[in-house]
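Working notes, beginning with the structure itself.
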There are 2 protein chains.
Amino acid sequence: MIGVDAARLLGRIRELGSVGRDGEGRLIRLAASDTDRQGRDLFVGWLRQAGLDVAIDRVGNIFGIWQSPDNAGQAPLLIGSHIDTVIDAGIYDGCYGVLAGLEVIETLKASSFSPSRPVAVAAFTNEEGVRYTPDMMGSLVHAGGASADAMLAAVGTDGSVLGQELARIGYAGDREPGFLKPRAYLELHIEQGPVLEREGVPIGAVENLQGISWQRITIDGAANHAGTTPMSMRSDAGHAAARVITFLHDRATDSNGPTVATVGTMRFEPNAINVIPSRAIFTVDLRDPNEQSLQAHEAALAAYLEDLAVSENVSISVERLARFEPVLFDIGIVERIEAAAKNRGLAVRRMTSGAGHDAQMMARIAPAAMIFVPSAGGISHSPREHTEDAELVAGANILLDVATQLAK
Amino acid sequence: MIGVDAARLLGRIRELGSVGRDGEGRLIRLAASDTDRQGRDLFVGWLRQAGLDVAIDRVGNIFGIWQSPDNAGQAPLLIGSHIDTVIDAGIYDGCYGVLAGLEVIETLKASSFSPSRPVAVAAFTNEEGVRYTPDMMGSLVHAGGASADAMLAAVGTDGSVLGQELARIGYAGDREPGFLKPRAYLELHIEQGPVLEREGVPIGAVENLQGISWQRITIDGAANHAGTTPMSMRSDAGHAAARVITFLHDRATDSNGPTVATVGTMRFEPNAINVIPSRAIFTVDLRDPNEQSLQAHEAALAAYLEDLAVSENVSISVERLARFEPVLFDIGIVERIEAAAKNRGLAVRRMTSGAGHDAQMMARIAPAAMIFVPSAGGISHSPREHTEDAELVAGANILLDVATQLAK
């Protein structure tokens, strides 16, 4: 059984992670920025060193393609992720998957393996969505979900225009987005959650990605004196909001499944110690990998709010902020990931991705799946993001095994 | 049966309510301010017109005393409240009780009634506590609960010193606070709550005043990704806070009594839609007219928080912000208020004061009780504060009847 070059992979993760540090040592490579250019240049240099054909499309997605005259007509196997980062990022999110993809190709090239189809690695533009909206932009455009021209006109948080910035840093490519039609898509990523670490399982075979429902709820009651207003005569918006939080928490917990519900923001008005809140404004983040189940949770919440408005004598308005359907990954690839892990003696579990990834866009146009490795403490988007070297190498070897099968 | 001069009483309430309006028409007579001086001057003028002896003590409390050579040696009946206001106040809070006290004295003087003891009306300094802390300051000093010198050194929200401001506006009197030792104390006040209006009862016989427990609670959990962190692996500070709100609400409601519990302020950190709250900071306002009951609620909350820290995997710290024991008013006076109302054919109910009043300080040194009249919508500390003229007059007549009995 062949394996990846652990030292080369880990060395590149660290080298890329050293690019884009600010004066305080924070890692910041926002999409199409000067530091993103430095990261892209380093990556493209490695692609060329590896003898791959480098292609860049109009939205800046970078592809390194290993093909031969024999297989150039076949749809390629694509391995991808992203190398843009959030502000004060860790070094693994995205970069691990991209560099492992390159590592797999180099390992296969150095072996006697002769693929029946091209194998390519992709770094998609603006996955994080920190500078430009929406996130997962490059893979969205590649999958035909948004027009390149519309995305290139995106105005960033700093007032910049993406198309101009890509041209400025030299990554406004000439290929039309979507030019590469993959036969299958693989993405290796850190979990960004606590499950694998807590369960002591090194490999996650990601079978689906949660649908997301974001809502903002405003509850209006009446501001009255906290001392002189009997409990039975109150319209307490804060109390009604608390009921919603416990309702959602209990429902998600009782589902005993991958459903998660979070109230992450909350504001009371007038927010005075001795005044009953006249208004509570909060957000609901509901996620479920099953669309029917997600709809059922949304409907249950709506029904609960209707009853609550009556029982608590408040008025409630709901604003939909975002809604994404769940993504089902390809069961055949998921089973290959499981089999590959078992074959290497690694524990594996099927799991749901709670975060968004480029793979969810690519799943629109090709059989796709993801491999997860543990995140220490479930932490991500933080310099404390960490995965053990051995776990990183193990994940890359599973990617190697599955890629070998899919490219055979 | 004699009655007060309704037109005189209502006219004075409106005239005093016109003093201290700012450019936007807002009523603002903060303690010891220029507008407070204008209000005091008007009130003292009315005291002199009525032929009363005017006395002012060192903390600015104003007394109008009706006494004769025959009864000057007796402890007086004192009727009081305050004429300072909050910012953008209504015209009834405090002023109604002071002007009704004066009205009662003038009515008795004009009748053939010959009291066996002096009858006095008081306007206590800085009841609202908006400019200087603590509130109910003048009556607190009068009752011996704080030293005059300490209070005169109080620094206001505007940096002013109370003693200097009283001297500046001409109300740093020469009498030693507490010089007047009442035989009994009466205070007539708008309810500032919704109970009388909702029940259609014009007179409240206030038998006690709630004890108050203010606490600030900080819950620390762990900020994790709202999508990737299973419900069972969360330390959700926001959810734990919601549990506390519902616990307090249910406990207060289930008491079926005058207990009230309010969470008026709330802050989540980091307060992001897709991040589980790492911290929730909120305040608890617990009130109960029975000290044992208030202590039991506090103990139940403490025990609940201890269990919650374990079940929700959070750490919880509690800071005590304020604590006042309940005040019991004099049952004999409360019964006289009930009897007087019935005698005039007015519905009456015993009730608890949820707000603080000068009467709670005076109850330390004399038998005391309060009479409430309805507040439209329970609203106070607002220009929308309103009580019907007929209700104001009815309350003043009950005050007249009880004062007549107590001064006989």
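FYI, nothing fancy with the structure tokens labels: chains A, B, ... in order, residues from 1 per chain, ligands from 1 as they appear.
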Self-check item: 8 Å contacts from chain A to chain B using only C-alpha atoms, as an MDAnalysis selection string
Solution: chainID A and resid 191:195 210 224:233 238:239 241:243 245:246 249 252:253 258:277 283:285 287 353:355 378:379
Exercise. May I have the residues within 10 Å of Leu180 (chain B) as a list in words, using only C-alpha atoms and disregarding those fewer than 6 positions away in the same chain?
Key: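 My list of contacting residues is Ala55, Asp57, Phe63, Ile65, Ala75, Pro76, Leu77, Leu78, Ala120, His142 and Ala143 of chain B.
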Mind the document's chain letters and residue numbers, and return as a short mmCIF file (atom, residue, chain, number, x, y, z; two decimals) with N, CA, C and O atoms, in the first residue's frame the residues of region 186-314 of chain A that DSSP labels helix (DSSP H, G or I).
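As written to disk, out.cif reads:
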```cif
data_model
loop_
_atom_site.label_atom_id
_atom_site.label_comp_id
_atom_site.auth_asym_id
_atom_site.auth_seq_id
_atom_site.Cartn_x
_atom_site.Cartn_y
_atom_site.Cartn_z
N VAL A 195 -16.94 16.17 17.19
CA VAL A 195 -17.42 14.79 17.24
C VAL A 195 -16.31 13.76 17.13
O VAL A 195 -16.20 12.85 17.96
N LEU A 196 -15.47 13.87 16.12
CA LEU A 196 -14.43 12.85 15.91
C LEU A 196 -13.48 12.80 17.10
O LEU A 196 -13.14 11.71 17.59
N GLU A 197 -13.05 13.95 17.58
CA GLU A 197 -12.15 13.95 18.73
C GLU A 197 -12.80 13.31 19.95
O GLU A 197 -12.21 12.47 20.62
N ARG A 198 -14.04 13.70 20.24
CA ARG A 198 -14.70 13.17 21.44
C ARG A 198 -14.89 11.66 21.36
O ARG A 198 -14.87 10.98 22.37
N GLU A 199 -15.14 11.19 20.13
CA GLU A 199 -15.39 9.76 19.98
C GLU A 199 -14.12 8.99 19.69
O GLU A 199 -14.15 7.75 19.61
N MET A 231 -47.52 39.20 37.67
CA MET A 231 -47.10 38.26 36.63
C MET A 231 -48.23 38.04 35.62
O MET A 231 -47.96 37.91 34.43
N SER A 232 -49.46 38.00 36.10
CA SER A 232 -50.57 37.66 35.21
C SER A 232 -50.93 38.79 34.26
O SER A 232 -51.71 38.60 33.34
N MET A 233 -50.40 39.99 34.50
CA MET A 233 -50.77 41.14 33.66
C MET A 233 -49.62 41.58 32.76
O MET A 233 -49.65 42.68 32.21
N ALA A 237 -41.68 40.39 26.68
CA ALA A 237 -41.04 39.92 25.44
C ALA A 237 -39.81 39.08 25.73
O ALA A 237 -39.51 38.13 25.00
N GLY A 238 -39.09 39.41 26.81
CA GLY A 238 -37.89 38.65 27.16
C GLY A 238 -38.22 37.24 27.59
O GLY A 238 -37.56 36.27 27.20
N HIS A 239 -39.27 37.12 28.39
CA HIS A 239 -39.70 35.78 28.81
C HIS A 239 -40.17 34.96 27.62
O HIS A 239 -39.85 33.77 27.49
N ALA A 240 -40.91 35.58 26.72
CA ALA A 240 -41.38 34.85 25.53
C ALA A 240 -40.18 34.38 24.70
O ALA A 240 -40.17 33.25 24.19
N ALA A 241 -39.15 35.23 24.59
CA ALA A 241 -37.94 34.83 23.84
C ALA A 241 -37.27 33.63 24.51
O ALA A 241 -36.80 32.71 23.84
N ALA A 242 -37.24 33.65 25.83
CA ALA A 242 -36.62 32.52 26.55
C ALA A 242 -37.38 31.23 26.28
O ALA A 242 -36.78 30.16 26.13
N ARG A 243 -38.70 31.32 26.19
CA ARG A 243 -39.50 30.12 25.87
C ARG A 243 -39.13 29.58 24.50
O ARG A 243 -39.09 28.36 24.29
N VAL A 244 -38.88 30.48 23.55
CA VAL A 244 -38.52 30.02 22.21
C VAL A 244 -37.17 29.29 22.25
O VAL A 244 -36.99 28.23 21.64
N ILE A 245 -36.24 29.83 23.01
CA ILE A 245 -34.91 29.20 23.11
C ILE A 245 -35.04 27.78 23.70
O ILE A 245 -34.48 26.82 23.16
N THR A 246 -35.80 27.66 24.77
CA THR A 246 -35.91 26.33 25.39
C THR A 246 -36.70 25.38 24.50
O THR A 246 -36.37 24.19 24.42
N PHE A 247 -37.70 25.90 23.80
CA PHE A 247 -38.46 25.05 22.87
C PHE A 247 -37.54 24.49 21.80
O PHE A 247 -37.54 23.28 21.51
N LEU A 248 -36.76 25.36 21.18
CA LEU A 248 -35.87 24.93 20.10
C LEU A 248 -34.81 23.96 20.62
O LEU A 248 -34.50 22.95 19.97
N HIS A 249 -34.27 24.28 21.78
CA HIS A 249 -33.23 23.42 22.35
C HIS A 249 -33.78 22.03 22.64
O HIS A 249 -33.15 21.01 22.29
N ASP A 250 -34.94 21.98 23.24
CA ASP A 250 -35.52 20.68 23.61
C ASP A 250 -35.89 19.89 22.35
O ASP A 250 -35.67 18.67 22.29
N ARG A 251 -36.42 20.57 21.36
CA ARG A 251 -36.82 19.86 20.14
C ARG A 251 -35.60 19.29 19.42
O ARG A 251 -35.62 18.14 18.97
N ALA A 252 -34.55 20.10 19.32
CA ALA A 252 -33.33 19.61 18.64
C ALA A 252 -32.69 18.47 19.43
O ALA A 252 -32.26 17.47 18.87
N THR A 253 -32.66 18.63 20.75
CA THR A 253 -32.05 17.59 21.58
C THR A 253 -32.86 16.30 21.52
O THR A 253 -32.31 15.20 21.40
N ASP A 254 -34.18 16.44 21.57
CA ASP A 254 -35.04 15.25 21.57
C ASP A 254 -35.00 14.51 20.24
O ASP A 254 -35.39 13.35 20.17
N GLU A 291 -34.16 17.46 4.44
CA GLU A 291 -35.00 18.60 4.10
C GLU A 291 -36.38 18.49 4.74
O GLU A 291 -36.92 19.48 5.26
N GLN A 292 -36.96 17.31 4.72
CA GLN A 292 -38.29 17.15 5.32
C GLN A 292 -38.22 17.46 6.82
O GLN A 292 -39.10 18.11 7.38
N SER A 293 -37.17 16.97 7.43
CA SER A 293 -37.02 17.20 8.86
C SER A 293 -36.82 18.70 9.15
O SER A 293 -37.40 19.25 10.09
N LEU A 294 -36.01 19.35 8.32
CA LEU A 294 -35.78 20.78 8.51
C LEU A 294 -37.09 21.56 8.35
O LEU A 294 -37.40 22.45 9.15
N GLN A 295 -37.85 21.18 7.35
CA GLN A 295 -39.15 21.84 7.15
C GLN A 295 -40.07 21.60 8.35
O GLN A 295 -40.83 22.48 8.76
N ALA A 296 -40.01 20.38 8.89
CA ALA A 296 -40.86 20.07 10.05
C ALA A 296 -40.46 20.92 11.25
O ALA A 296 -41.31 21.40 12.01
N HIS A 297 -39.15 21.11 11.42
CA HIS A 297 -38.70 21.96 12.54
C HIS A 297 -39.17 23.40 12.33
O HIS A 297 -39.63 24.07 13.26
N GLU A 298 -39.06 23.87 11.10
CA GLU A 298 -39.51 25.25 10.81
C GLU A 298 -41.01 25.40 11.07
O GLU A 298 -41.46 26.39 11.65
N ALA A 299 -41.75 24.39 10.64
CA ALA A 299 -43.21 24.45 10.84
C ALA A 299 -43.56 24.39 12.32
O ALA A 299 -44.46 25.09 12.79
N ALA A 300 -42.83 23.56 13.06
CA ALA A 300 -43.10 23.45 14.50
C ALA A 300 -42.78 24.76 15.20
O ALA A 300 -43.52 25.19 16.10
N LEU A 301 -41.71 25.40 14.78
CA LEU A 301 -41.36 26.70 15.37
C LEU A 301 -42.46 27.73 15.06
O LEU A 301 -42.90 28.46 15.96
N ALA A 302 -42.90 27.75 13.82
CA ALA A 302 -43.95 28.71 13.44
C ALA A 302 -45.22 28.48 14.26
O ALA A 302 -45.85 29.43 14.74
N ALA A 303 -45.59 27.21 14.44
CA ALA A 303 -46.80 26.90 15.22
C ALA A 303 -46.60 27.30 16.68
O ALA A 303 -47.50 27.84 17.33
N TYR A 304 -45.38 27.04 17.18
CA TYR A 304 -45.10 27.40 18.57
C TYR A 304 -45.21 28.91 18.77
O TYR A 304 -45.78 29.39 19.76
N LEU A 305 -44.68 29.66 17.82
CA LEU A 305 -44.72 31.13 17.92
C LEU A 305 -46.17 31.63 17.90
O LEU A 305 -46.52 32.59 18.59
N GLU A 306 -46.99 30.96 17.09
CA GLU A 306 -48.40 31.38 17.01
C GLU A 306 -49.09 31.19 18.37
O GLU A 306 -49.80 32.07 18.85
N ASP A 307 -48.85 30.03 18.98
CA ASP A 307 -49.43 29.78 20.30
C ASP A 307 -48.86 30.74 21.34
O ASP A 307 -49.57 31.25 22.21
N LEU A 308 -47.56 30.96 21.24
CA LEU A 308 -46.87 31.79 22.23
C LEU A 308 -47.40 33.22 22.21
O LEU A 308 -47.55 33.86 23.26
N ALA A 309 -47.68 33.72 21.01
CA ALA A 309 -48.20 35.09 20.89
C ALA A 309 -49.49 35.23 21.69
O ALA A 309 -49.72 36.25 22.35
N VAL A 310 -50.31 34.18 21.68
CA VAL A 310 -51.56 34.21 22.43
C VAL A 310 -51.29 34.04 23.92
O VAL A 310 -51.73 34.85 24.74
N SER A 311 -50.53 33.02 24.27
CA SER A 311 -50.37 32.70 25.70
C SER A 311 -49.58 33.78 26.43
O SER A 311 -49.80 34.02 27.62
#
```
Exercise. Please report, as JSON, numbers by chain, each residue of region 210-375 of chain B to which DSSP assigns strand (DSSP E or B) when run on this structure's backbone.
Key: {"B": [211, 212, 213, 214, 215, 216, 217, 218, 219, 220, 225, 260, 261, 262, 266, 267, 268, 269, 275, 279, 280, 281, 282, 283, 284, 285, 286, 287, 288, 315, 316, 317, 318, 319, 320, 321, 322, 323, 324, 327, 328, 348, 349, 350, 351, 352, 353, 368, 369, 370, 371, 372, 373]}
